[in-house]
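**Student:** Below: one structure in structure tokens.
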Amino acid sequence: MRHVIFRVEKERYGLPLSAVREVVVPPEKFTRVPRAPPAITGVMNLRGRVVTVVELRQLLGLPDGATPPSRVVLLDRGRRDLGLLVTDVDGIEAVERVSTAPGKSTPAIRGVARLGGLGVTVLDPEGLDAAVVALFTHSK
């Protein structure tokens, strides 16, 4: 199965190509959403559609990094537009086998795979979507 491979700092992540609508360069500024959880960067206008943009680093509980995000990976989530702010996108690769991720399980992570001798954390689109919804339901 083909996956979009991207980075958050130096860590590599992948999402099934079928779950990704497109990759775009983020605007210079996002529109902040009042009282939104910290992982929500804000919203952006993309060809007349309002897209909620999430800092993937914060959503996954990763430490702050030195490299600023340079891409938004837009998920194909039906009626809801969701963008993941990432450091960079490496391309599209075939991922043959996904193994269970070691350590504590989280719905956003499907497992790990090997690509070119390097590890890739494979994310679950439905789990990411659920994690974003949970941000709003638990922040009240």
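Ordering of the structure tokens sets the chain letters (A, B, ...); residue numbers start at 1 within each chain; ligands are numbered from 1 in the order shown.
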Can you list, as a list in words, every protein, DNA or RNA residue that comes within 12 Å of Gly127 (chain A) when you count only C-alpha atoms, leaving out same-chain residues fewer than 6 positions away?

**Tutor:** Leu15, Ala19, Leu59, Leu60, Arg77, Ser105, Thr106, Pro107, Ala108, Ile109, Arg110, Gly111, Val133 and Ala134 of chain A

**Student:** According to DSSP computed on the backbone, where in region 6-140 of chain A is there strand (DSSP E)? Give the residues as an MDAnalysis selection string.

**Tutor:** chainID A and resid 6:8 11:16 20:24 40:46 49:55 71:77 80:86 88:94 109:115 118:123

**Student:** Nearest to Val98 (chain A) among A:Arg71, A:Lys29, A:His3, A:Arg49, with distances taken over only C-alpha atoms: which residue is it?

**Tutor:**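 Among A:Arg71, A:Lys29, A:His3, A:Arg49, it is A:His3 that comes nearest to Val98 (chain A).
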
**Student:** According to DSSP computed on the backbone, where in chain A is there helix (DSSP H, G or I)? Give the residues as a list in words.

**Tutor:**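 Filtering chain A down to helix (DSSP H, G or I) leaves Leu17, Ser18, Ala19, Leu56, Arg57, Gln58, Leu59, Pro125, Glu126, Gly127, Leu128, Asp129, Ala130, Ala131, Val132, Val133, Ala134, Leu135, Phe136, Thr137 and His138 of chain A.
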
**Student:** Rank A:Val95, A:Pro16, A:Val43, A:Val86 by their smallest atom-to-atom distance to Glu126 (chain A), using only C-alpha atoms, and report the top residue only.

**Tutor:**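 Closest residue, counting only C-alpha atoms: A:Pro16.
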
**Student:** When you draw a straight line from CA of Asn45 (chain A) to CA of Arg7 (chain A), how long is it in Å?

**Tutor:** 23.5 Å
